[in-house]
>>> print(open('run.txt').read())   # compact mmCIF, C-alpha atoms and all ligand atoms
# COMPACT_ATOMS: atom_id res chain seq x y z
CA MET A 1 100.67 113.49 74.53
CA LYS A 2 99.66 110.41 76.48
CA LYS A 3 102.71 108.67 75.19
CA GLN A 4 105.50 107.97 77.62
CA GLU A 5 108.75 106.16 77.26
CA GLY A 6 109.05 102.71 78.73
CA SER A 7 112.21 103.80 80.47
CA ALA A 8 110.44 106.39 82.58
CA SER A 9 111.00 106.36 86.31
CA SER A 10 108.32 105.24 88.68
CA SER A 11 106.31 107.75 90.58
CA THR A 12 104.88 108.19 94.05
CA SER A 13 101.66 109.61 92.64
CA ASN A 14 98.88 107.46 91.38
CA SER A 15 96.61 110.30 90.41
CA GLY A 16 95.95 109.09 86.91
CA GLY A 17 95.60 112.66 85.70
CA SER A 18 96.66 113.47 82.19
CA VAL A 19 100.15 114.82 81.64
CA LYS A 20 99.96 118.50 80.81
CA ASP A 21 102.26 120.03 78.23
CA LYS A 22 104.67 122.17 80.17
CA PRO A 23 107.61 124.10 78.81
CA LYS A 24 109.94 122.69 81.44
CA LEU A 25 110.91 119.08 80.93
CA LYS A 26 110.11 117.04 83.99
CA PRO A 27 111.11 113.43 84.51
CA LEU A 28 108.53 111.18 82.89
CA LYS A 29 106.24 109.46 85.31
CA ILE A 30 104.32 106.26 84.99
CA THR A 31 100.67 106.77 85.72
CA CYS A 32 97.73 104.44 85.30
CA THR A 33 96.91 106.13 81.99
CA SER A 34 100.42 105.94 80.49
CA THR A 35 100.74 104.13 77.18
CA ASP A 36 103.51 103.04 74.84
CA CYS A 37 101.37 101.39 72.20
CA ASP A 38 104.19 100.89 69.69
CA ASN A 39 105.83 98.63 72.23
CA GLY A 40 102.64 96.75 73.05
CA LEU A 41 101.90 98.60 76.30
CA HIS A 42 98.40 100.03 76.42
CA CYS A 43 95.83 101.42 78.83
CA PHE A 44 92.30 100.05 79.01
CA LYS A 45 90.93 102.56 81.47
CA ARG A 46 87.75 103.93 79.89
CA THR A 47 87.22 107.53 78.93
CA ARG A 48 83.82 109.20 78.75
CA LYS A 49 84.09 109.17 74.96
CA MET A 50 84.72 105.42 74.96
CA VAL A 51 81.61 104.90 77.10
CA GLU A 52 79.52 107.11 74.78
CA GLU A 53 80.74 105.27 71.71
CA ASN A 54 80.34 101.88 73.35
CA LYS A 55 84.05 101.16 72.94
CA THR A 56 85.07 100.29 76.49
CA GLY A 57 87.63 97.54 76.82
CA GLN A 58 89.85 98.89 74.07
CA CYS A 59 93.10 100.80 74.53
CA ARG A 60 92.25 104.42 75.16
CA SER A 61 95.19 105.57 73.01
CA CYS A 62 95.28 103.26 70.00
CA GLY A 63 91.92 101.48 70.19
CA ILE A 64 93.33 97.96 70.07
CA SER A 65 91.28 95.13 71.64
CA LEU A 66 93.50 92.56 73.35
CA VAL A 67 91.56 91.28 76.33
CA ASP A 68 88.64 88.87 76.54
CA TRP A 69 86.88 90.87 79.25
CA PRO A 70 84.01 88.49 80.06
CA ARG A 71 86.66 85.81 80.63
CA VAL A 72 88.72 87.99 82.99
CA HIS A 73 85.55 89.18 84.77
CA GLU A 74 84.71 85.59 85.66
CA ARG A 75 87.61 85.67 88.14
CA LYS A 76 88.24 81.96 88.04
CA MET A 77 91.06 80.64 90.19
CA ASP A 78 92.00 78.15 87.48
CA ASP A 79 92.22 80.84 84.80
CA ILE A 80 94.58 83.23 86.60
CA ALA A 81 97.30 82.66 83.98
CA TYR A 82 95.08 84.28 81.34
CA THR A 83 94.26 87.18 83.65
CA PHE A 84 97.96 87.74 84.35
CA LYS A 85 98.81 87.61 80.65
CA SER A 86 96.09 90.17 79.96
CA LEU A 87 97.21 92.48 82.75
CA ARG A 88 100.66 92.69 81.20
CA HIS A 89 99.23 94.35 78.09
CA GLU A 90 98.67 97.42 80.23
CA LEU A 91 101.70 99.67 80.71
CA ILE A 92 101.19 100.36 84.41
CA ARG A 93 100.77 96.63 85.21
CA HIS A 94 103.71 95.62 83.04
CA HIS A 95 105.86 98.23 84.78
CA PHE A 96 105.10 96.88 88.24
CA TRP A 97 105.45 93.33 87.10
CA HIS A 98 109.02 93.96 86.03
CA ILE A 99 110.48 96.80 88.06
CA GLU A 100 112.99 95.85 90.76
CA ILE A 101 111.31 95.72 94.16
CA ASP A 102 112.92 98.25 96.50
CA GLU A 103 115.14 97.16 99.37
CA LYS A 104 112.79 98.24 102.14
CA ALA A 105 109.97 96.23 100.59
CA VAL A 106 112.15 93.16 100.11
CA THR A 107 113.34 93.30 103.73
CA HIS A 108 109.77 93.71 104.95
CA ALA A 109 108.67 90.65 102.99
CA ARG A 110 111.65 88.54 104.07
CA ARG A 111 110.95 89.31 107.71
CA LYS A 112 107.32 88.33 107.34
CA GLY A 113 107.89 85.22 105.26
CA ARG A 114 105.20 83.63 103.11
CA LYS A 115 102.77 83.02 105.95
CA GLY A 116 103.07 86.56 107.26
CA MET A 117 102.71 87.99 103.76
CA LEU A 118 99.55 86.00 103.16
CA LEU A 119 97.94 87.51 106.26
CA ALA A 120 99.25 90.96 105.36
CA ALA A 121 97.94 90.66 101.79
CA GLU A 122 94.43 89.83 102.91
CA ASN A 123 94.54 92.58 105.49
CA ARG A 124 95.82 95.13 103.03
CA LEU A 125 93.14 94.26 100.46
CA ARG A 126 90.37 94.55 103.05
CA LYS A 127 91.64 97.92 104.24
CA SER A 128 92.56 99.48 100.90
CA VAL A 129 89.83 98.24 98.55
CA GLY A 130 87.40 96.14 100.59
CA ALA A 131 84.80 98.78 101.34
CA ALA A 132 82.33 100.60 99.11
CA ASN A 133 82.86 104.29 98.33
CA LEU A 134 86.39 104.85 99.59
CA PRO A 135 87.13 108.56 100.01
CA PHE A 136 90.61 108.48 98.47
CA ASP A 137 90.02 105.82 95.87
CA GLY A 138 92.83 105.87 93.30
CA ARG A 139 95.36 107.22 95.79
CA GLN A 140 95.36 104.58 98.52
CA THR A 141 98.18 102.42 97.15
CA PRO A 142 101.70 103.89 97.25
CA MET A 143 104.27 103.03 94.60
CA LEU A 144 107.04 101.64 96.82
CA GLY A 145 108.05 100.51 100.28
CA ASN A 146 105.98 97.32 100.43
CA SER A 147 105.87 94.48 97.91
CA LEU A 148 102.09 94.33 98.37
CA PHE A 149 101.85 97.77 96.75
CA TYR A 150 103.74 96.49 93.72
CA ALA A 151 101.49 93.45 93.67
CA GLN A 152 98.35 95.55 93.82
CA HIS A 153 99.43 97.76 90.92
CA ALA A 154 100.53 94.73 88.91
CA THR A 155 97.24 92.90 89.47
CA ALA A 156 94.94 95.96 89.18
CA THR A 157 93.79 95.61 92.79
CA CYS A 158 95.22 99.02 93.71
CA CYS A 159 91.89 100.85 93.77
CA ARG A 160 88.24 100.22 93.08
CA LYS A 161 88.40 102.09 89.76
CA CYS A 162 90.98 99.64 88.45
CA MET A 163 89.04 96.73 89.91
CA PHE A 164 85.89 97.90 88.17
CA GLU A 165 87.71 98.10 84.85
CA TRP A 166 89.56 94.83 85.21
CA TYR A 167 87.23 92.64 87.21
CA GLY A 168 83.84 94.18 86.59
CA ILE A 169 83.18 94.84 90.28
CA GLU A 170 80.85 97.76 90.91
CA ILE A 171 82.38 100.52 93.04
CA GLY A 172 79.41 101.13 95.35
CA ARG A 173 79.52 97.89 97.31
CA ASP A 174 81.82 96.03 99.69
CA LEU A 175 83.89 93.17 98.30
CA THR A 176 82.57 89.71 99.15
CA GLU A 177 84.65 87.15 101.06
CA GLU A 178 85.00 85.16 97.85
CA GLU A 179 86.39 88.21 96.06
CA ILE A 180 88.82 88.95 98.92
CA ALA A 181 90.07 85.36 98.66
CA TYR A 182 90.49 85.63 94.89
CA PHE A 183 92.41 88.91 95.02
CA THR A 184 94.55 87.66 97.91
CA GLU A 185 95.49 84.76 95.65
CA LEU A 186 96.43 87.15 92.81
CA VAL A 187 98.56 89.27 95.12
CA MET A 188 100.30 86.24 96.62
CA ARG A 189 101.08 84.79 93.22
CA PHE A 190 102.84 88.05 92.41
CA VAL A 191 104.73 87.98 95.73
CA ASN A 192 105.77 84.35 95.26
CA GLU A 193 106.90 84.93 91.70
CA ARG A 194 108.79 88.14 92.37
CA LEU A 195 110.22 87.19 95.77
CA PRO A 196 111.06 83.49 95.47
CA GLN A 197 113.65 83.88 98.24
CA LEU A 198 111.04 84.25 101.01
CA THR A 199 111.01 81.59 103.68
CA GLU A 200 107.80 80.12 105.02
CA GLU A 201 108.09 81.58 108.52
CA GLY A 202 110.17 84.70 107.87
CA GLU A 203 113.75 85.61 108.73
CA ARG A 204 115.39 87.73 111.37
CA ILE A 205 117.16 90.55 109.56
CA PRO A 206 119.11 93.00 111.75
CA ARG A 207 118.33 96.67 111.25
CA THR A 208 121.83 97.66 110.19
CA ALA A 209 121.59 95.42 107.15
CA VAL A 210 118.64 97.42 105.87
CA ARG A 211 119.27 101.21 105.70
CA ARG A 212 120.54 102.34 102.28
CA ALA A 213 118.56 102.44 99.09
CA THR A 214 115.27 102.88 100.92
CA LYS A 215 114.94 106.63 100.50
CA LYS A 216 115.51 106.84 96.78
CA GLN A 217 112.95 106.04 94.14
CA PRO A 218 113.95 102.88 92.31
CA THR A 219 114.34 104.39 88.87
CA LEU A 220 115.10 101.97 86.10
CA ALA A 221 118.53 103.55 85.75
CA ALA A 222 119.28 102.77 89.39
CA GLN A 223 118.25 99.17 89.10
CA PRO A 224 121.60 97.49 88.57
CA ALA A 225 122.80 99.04 91.83
CA LEU A 226 119.63 98.06 93.65
CA LYS A 227 119.84 94.58 92.27
CA GLY A 228 123.39 94.27 93.56
CA LEU A 229 122.28 95.34 97.01
CA MET A 230 119.49 92.82 96.97
CA GLU A 231 121.72 90.01 95.89
CA ARG A 232 124.18 90.84 98.61
CA SER A 233 121.49 90.88 101.27
CA ASN A 234 120.11 87.63 99.96
CA ALA A 235 123.54 86.05 100.07
CA SER A 236 123.92 86.97 103.74
CA LYS A 237 120.92 84.92 104.83
ZN ZN B 301 97.34 101.22 72.80
ZN ZN B 302 94.09 101.61 90.63
>>> encode(input="run.txt", output="structure tokens", more="lines below")
Ligand SMILES: [Zn+2]
Ligand SMILES: [Zn+2]
Amino acid sequence: MKKQEGSASSSTSNSGGSVKDKPKLKPLKITCTSTDCDNGLHCFKRTRKMVEENKTGQCRSCGISLVDWPRVHERKMDDIAYTFKSLRHELIRHHFWHIEIDEKAVTHARRKGRKGMLLAAENRLRKSVGAANLPFDGRQTPMLGNSLFYAQHATATCCRKCMFEWYGIEIGRDLTEEEIAYFTELVMRFVNERLPQLTEEGERIPRTAVRRATKKQPTLAAQPALKGLMERSNASK
């Protein structure tokens, strides 16, 4: 029942609730508990049973252990490659690492440029996950419209629950400045890898060039079209 196809569309909800069996077939959604274990895509979010049985850190669906958690919890700047490799074992992270970034988000990032995105990333992290006991924790990071959202889902900095699981940071306290700096680095590495076309200072992009493709969810099926749009807008720099 937890199983979902890798080709499922993305979703605007990040509720993490389990998928109920309904008679009507709805489009499959990626949630933070989705798994596709046969294809190497798991979910390490703990369940109460896993806590009781002292089995946290394993995949909640198939029980596989793939991540050296003490190593990831160290949050070392010079070991980010291992953290990124580990994150990609989780379906939700893998999905956001690879899905095409929507046009609105790409335009936003191109306008800001690398410098602007760095400031925005730090700001976004402080606002969305910086404080202790956030009232809407788990729902504060949308699924599209800003490349920082993609980055946060891909790096498990989308909510404090994910940050507890992945980085061992207790939920009931503010993040430290050192932690903000580390997570800003993770987010920016995602941005730089996924949006290599960004300039340092940002570009002027007229409004008319944007429109289109911003309203629709970027389903995997729609990606070739989206990609075409992106390439065209990149070419008209
Ligand atoms: Zn699994
Ligand atoms: Zn999260």
>>> closest_atom_pairs(input="run.txt", of="chain A", to="ligand ZN 301 (chain B)", cutoff="8 Å", atoms="all atoms listed in the file", output="tab-separated table")
residue	atom	partner	partner_atom	distance
A:Thr35	CA	B:ZN301	ZN	6.3
A:Asp36	CA	B:ZN301	ZN	6.7
A:Cys37	CA	B:ZN301	ZN	4.1
A:Asp38	CA	B:ZN301	ZN	7.5
A:Gly40	CA	B:ZN301	ZN	6.9
A:Leu41	CA	B:ZN301	ZN	6.3
A:His42	CA	B:ZN301	ZN	4.0
A:Cys43	CA	B:ZN301	ZN	6.2
A:Gln58	CA	B:ZN301	ZN	7.9
A:Cys59	CA	B:ZN301	ZN	4.6
A:Arg60	CA	B:ZN301	ZN	6.5
A:Ser61	CA	B:ZN301	ZN	4.9
A:Cys62	CA	B:ZN301	ZN	4.0
A:Gly63	CA	B:ZN301	ZN	6.0
A:Ile64	CA	B:ZN301	ZN	5.8
>>> residues_near_ligand(input="run.txt", ligand="ligand ZN 302 (chain B)", cutoff="8 Å", atoms="all atoms listed in the file", output="PyMOL selection string")
chain A and resi 14+32+137-139+141+153+156-163
>>> write_last_selection(input="run.txt", atoms="C-alpha atoms", output="mmCIF file, keeping the file's coordinate frame")
data_model
loop_
_atom_site.group_PDB
_atom_site.id
_atom_site.type_symbol
_atom_site.label_atom_id
_atom_site.label_comp_id
_atom_site.auth_asym_id
_atom_site.auth_seq_id
_atom_site.Cartn_x
_atom_site.Cartn_y
_atom_site.Cartn_z
ATOM 1 C CA ASN A 14 98.880 107.460 91.380
ATOM 2 C CA CYS A 32 97.730 104.440 85.300
ATOM 3 C CA ASP A 137 90.020 105.820 95.870
ATOM 4 C CA GLY A 138 92.830 105.870 93.300
ATOM 5 C CA ARG A 139 95.360 107.220 95.790
ATOM 6 C CA THR A 141 98.180 102.420 97.150
ATOM 7 C CA HIS A 153 99.430 97.760 90.920
ATOM 8 C CA ALA A 156 94.940 95.960 89.180
ATOM 9 C CA THR A 157 93.790 95.610 92.790
ATOM 10 C CA CYS A 158 95.220 99.020 93.710
ATOM 11 C CA CYS A 159 91.890 100.850 93.770
ATOM 12 C CA ARG A 160 88.240 100.220 93.080
ATOM 13 C CA LYS A 161 88.400 102.090 89.760
ATOM 14 C CA CYS A 162 90.980 99.640 88.450
ATOM 15 C CA MET A 163 89.040 96.730 89.910
#
>>> axis_aligned_box(input="run.txt", around="segment 140-144 of chain A", padding_each_side="8 Å", output="AutoDock Vina command-line options")
--center_x 101.2 --center_y 103.1 --center_z 96.6 --size_x 27.7 --size_y 18.9 --size_z 19.9
>>> atom_distance(input="run.txt", atom1="atom CA of Gly145 of chain A", atom2="atom CA of Lys104 of chain A")
5.6 Å
>>> atom_distance(input="run.txt", atom1="atom CA of His73 of chain A", atom2="atom CA of Leu134 of chain A")
21.6 Å
>>> closest_residue(input="run.txt", among="A:Leu195, A:Leu118, A:Glu165, A:Ala151", to="Phe84 of chain A", atoms="all atoms listed in the file")
A:Ala151
>>> closest_residue(input="run.txt", among="A:Glu201, A:Glu177, A:Glu193, A:Asp78", to="His98 of chain A", atoms="all atoms listed in the file")
A:Glu193
>>> closest_residue(input="run.txt", among="A:Ser34, A:Asn192, A:Asn133, A:Ser147", to="Arg173 of chain A", atoms="all atoms listed in the file")
A:Asn133
>>> closest_residue(input="run.txt", among="A:Ala81, A:Arg207, A:Gly113, A:Gly168", to="Trp69 of chain A", atoms="only C-alpha atoms")
A:Gly168
>>> atom_distance(input="run.txt", atom1="atom CA of Arg88 of chain A", atom2="atom CA of Lys45 of chain A")
13.9 Å
>>> closest_residue(input="run.txt", among="A:Leu87, A:Ile171, A:Val51, A:Leu186", to="Asp68 of chain A", atoms="all atoms listed in the file")
A:Leu87
>>> build_atoms(input="run.txt", residues="segment 141-153 of chain A", atoms="N, CA and C atoms", output="PDB file, in the frame of the given file")
ATOM      1  N   THR A 141      97.090 103.401  97.273  1.00  0.00           N
ATOM      2  CA  THR A 141      98.180 102.420  97.150  1.00  0.00           C
ATOM      3  C   THR A 141      99.466 103.093  96.697  1.00  0.00           C
ATOM      4  N   PRO A 142     100.421 103.259  97.611  1.00  0.00           N
ATOM      5  CA  PRO A 142     101.700 103.890  97.250  1.00  0.00           C
ATOM      6  C   PRO A 142     102.462 103.074  96.204  1.00  0.00           C
ATOM      7  N   MET A 143     103.526 103.665  95.677  1.00  0.00           N
ATOM      8  CA  MET A 143     104.270 103.030  94.600  1.00  0.00           C
ATOM      9  C   MET A 143     105.469 102.227  95.083  1.00  0.00           C
ATOM     10  N   LEU A 144     105.888 102.406  96.329  1.00  0.00           N
ATOM     11  CA  LEU A 144     107.040 101.640  96.820  1.00  0.00           C
ATOM     12  C   LEU A 144     107.039 101.528  98.324  1.00  0.00           C
ATOM     13  N   GLY A 145     107.929 100.673  98.833  1.00  0.00           N
ATOM     14  CA  GLY A 145     108.050 100.510 100.280  1.00  0.00           C
ATOM     15  C   GLY A 145     107.459  99.220 100.803  1.00  0.00           C
ATOM     16  N   ASN A 146     106.609  98.578 100.018  1.00  0.00           N
ATOM     17  CA  ASN A 146     105.980  97.320 100.430  1.00  0.00           C
ATOM     18  C   ASN A 146     105.666  96.527  99.171  1.00  0.00           C
ATOM     19  N   SER A 147     106.075  95.269  99.140  1.00  0.00           N
ATOM     20  CA  SER A 147     105.870  94.480  97.910  1.00  0.00           C
ATOM     21  C   SER A 147     104.378  94.308  97.599  1.00  0.00           C
ATOM     22  N   LEU A 148     103.539  94.444  98.621  1.00  0.00           N
ATOM     23  CA  LEU A 148     102.090  94.330  98.370  1.00  0.00           C
ATOM     24  C   LEU A 148     101.603  95.489  97.487  1.00  0.00           C
ATOM     25  N   PHE A 149     102.229  96.647  97.610  1.00  0.00           N
ATOM     26  CA  PHE A 149     101.850  97.770  96.750  1.00  0.00           C
ATOM     27  C   PHE A 149     102.167  97.438  95.287  1.00  0.00           C
ATOM     28  N   TYR A 150     103.350  96.888  95.080  1.00  0.00           N
ATOM     29  CA  TYR A 150     103.740  96.490  93.720  1.00  0.00           C
ATOM     30  C   TYR A 150     102.738  95.463  93.189  1.00  0.00           C
ATOM     31  N   ALA A 151     102.416  94.515  94.070  1.00  0.00           N
ATOM     32  CA  ALA A 151     101.490  93.450  93.670  1.00  0.00           C
ATOM     33  C   ALA A 151     100.128  94.017  93.314  1.00  0.00           C
ATOM     34  N   GLN A 152      99.674  94.974  94.082  1.00  0.00           N
ATOM     35  CA  GLN A 152      98.350  95.550  93.820  1.00  0.00           C
ATOM     36  C   GLN A 152      98.321  96.314  92.498  1.00  0.00           C
ATOM     37  N   HIS A 153      99.388  97.059  92.212  1.00  0.00           N
ATOM     38  CA  HIS A 153      99.430  97.760  90.920  1.00  0.00           C
ATOM     39  C   HIS A 153      99.524  96.746  89.778  1.00  0.00           C
TER      40      HIS A 153
END
